[in-house]
Every structure is written in structure tokens, then in C-alpha cells.
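Below is one structure; the comments refer to it alone.
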Amino acid sequence: MEAIYGTWPWYVGGPLVALIMLALIKLGKTFGFSSNFRTLCSALGAGKSCDFFDFDWKAQRWNLLFLLGTVFGGALAAYGLSDHQVPPIAENTIGILKSYGFDSVGKAYLPTELFFEMDLKNVLLLLIGGIFVGFGTRYAGGCTSGHAITGLSELQWPSLVAVIGFFIGGLLMVHVFFPLIF
């Protein structure tokens, strides 16, 4: 049971991801979660009023099942196979985050000050962040998992550009915008 309860090392998880990607390439499938939004909209009839959603969504049923399996597997892991441990965080990072007002750092899996206190600032941060993520996903032609896992494994140039953009955006957020917001 320790193998299930504990964190898997990179040399186990990495090859498993690689095997899955090789199988998807062999089957002619591409992996990415953001495409499921388009598939769901198409299945619910959005193709009647918007050409973007007018496609054969049934060809993507496997990806919807993968999405459901991921959600179910994550819930099972979090609530059934976990003792709700908090990931270890470097003391330096804990100090920096506490200086920004995150007192739950090191005590909770995610910052309770941001996700569980629904004041106007938090609602606006989550709403604006969601809009940026949604816009960026559509503008980049896929999400981080689609580009970084599928696109790079297929040696797609646009995915390399997108992943570089994701890293630059993440660095800017953490080192420039995050201190300004908090």
C-alpha cells in the first residue's frame, strides 16, 4: 500500500507518461484537456449556432472518458488514498509567502486565504485569472498539458513556442505580478 499512498518518483511517472504518449501517437490521438470543453459544447448542440463547435464530437469520446477518469482518480486519491498530507515547501518559500499574507502555507494543500475566503479581491482574482487562462488556452491552440505533453512529444514547433510562453508567463507572474497583487 505504500506504493499507492506515497509519491511516485520521476523515473516511474516519466516513463509511464512516455508510454501513454507513444500509444496515443500510434493510435493517431492527441492529448489535452482544453479540447474537452469544445467537445462538450459540441455534444450539447453549440455547433448549431457556432461553426467552431460544429464537428464530429463523437470522435473525441475517448478524451471525455479520460477527463472523467482523471477527475474520478484525483478525487479517489485525495479522499480515499490520502491522509491529506501537505507537500513539503522550502522554509525560504514559506517565509516569502507568509510575508504576502498567506498564513496557511505549510499547513494546507492550497492557500485557504485565496480559495476559501470569498471577499471581493479573491473573487476578482479568480475570475480575471480564469479569463486569462481561458483566453490563453484558446489563443495558444491548447492547454499546458496538450502542448507540453502531446505537442512536444510530437516535435511540434507551435507547442515549443507555447511552452516557452507558459514558462515566461509563470516567471513574470511569480516574480513581478504576484508581489504587486499581494
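By order in the C-alpha cells, chains are A, B, ...; within a chain, residues start at 1; ligands start at 1, following the order shown.
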- Task: Fewer than 4 positions away in the same chain doesn't count, so skip those; otherwise give me all residues within 6 Å of range 108-112 of chain A, counting only C-alpha atoms, as a list in words.
- Result: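 Listing them by chain and then by number gives Val86, Ser104 and Phe116 of chain A.
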- Task: Mind listing the helix (DSSP H, G or I) residues of chain A, per DSSP on the backbone, as a PyMOL selection string?
- Result: chain A and resi 2-5+10-27+35-43+46-48+51-53+57-79+91-99+112-115+120-139+144-153+157-181
- Task: Go through A:Phe182, A:Ala23, A:Gly74, A:Ile4 and flag the residue nearest Ser99 in chain A, using only C-alpha atoms for the distances.
- Result: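 Smallest distance to Ser99 in chain A is found for A:Phe182.
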What are the nearest atom pairs, with distances in Å to one decimal, for all residues of range 35-120 of chain A that come at most 12 Å from range 138-151 of chain A, using only C-alpha atoms, set out by chain and rising residue number as a tab-separated table?
residue	atom	partner	partner_atom	distance
A:Ser35	CA	A:Gly142	CA	7.1
A:Asn36	CA	A:Gly142	CA	10.5
A:Phe37	CA	A:Arg138	CA	10.5
A:Arg38	CA	A:Arg138	CA	10.2
A:Phe52	CA	A:Arg138	CA	11.4
A:Asn63	CA	A:Gly146	CA	11.7
Take the residues from that selection and write them out as a tab-separated table (two decimals), in the first residue's frame, keeping C-alpha atoms.
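Final output, saved to out_39.tsv:
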chain	number	residue	atom	x	y	z
A	35	SER	CA	-10.25	20.31	-26.12
A	36	ASN	CA	-12.85	18.65	-23.88
A	37	PHE	CA	-14.61	22.00	-23.44
A	38	ARG	CA	-15.10	22.22	-27.20
A	52	PHE	CA	-16.17	26.41	-34.11
A	63	ASN	CA	-10.85	12.10	-24.36
- For Gln85 in chain A, list every protein, DNA or RNA residue within 12 Å, evaluated using only C-alpha atoms, and leave out those in the same chain fewer than 3 positions away; present the list as a ChimeraX atom specification. /A:5-7,77-79,81-82,88,106-110
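Nearest residue to Met173 in chain A among A:Ser159, A:Gly129, A:Phe115, A:Ala18 is A:Gly129, counting only C-alpha atoms.
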- May I ask which of the residues A:Glu113, A:Gly169, A:Leu180, A:Pro9 is the closest one to Phe132 in chain A, counting only C-alpha atoms? A:Gly169
- Quick one, how far is CA of Gly130 in chain A from CA of Phe166 in chain A? 15.1 Å
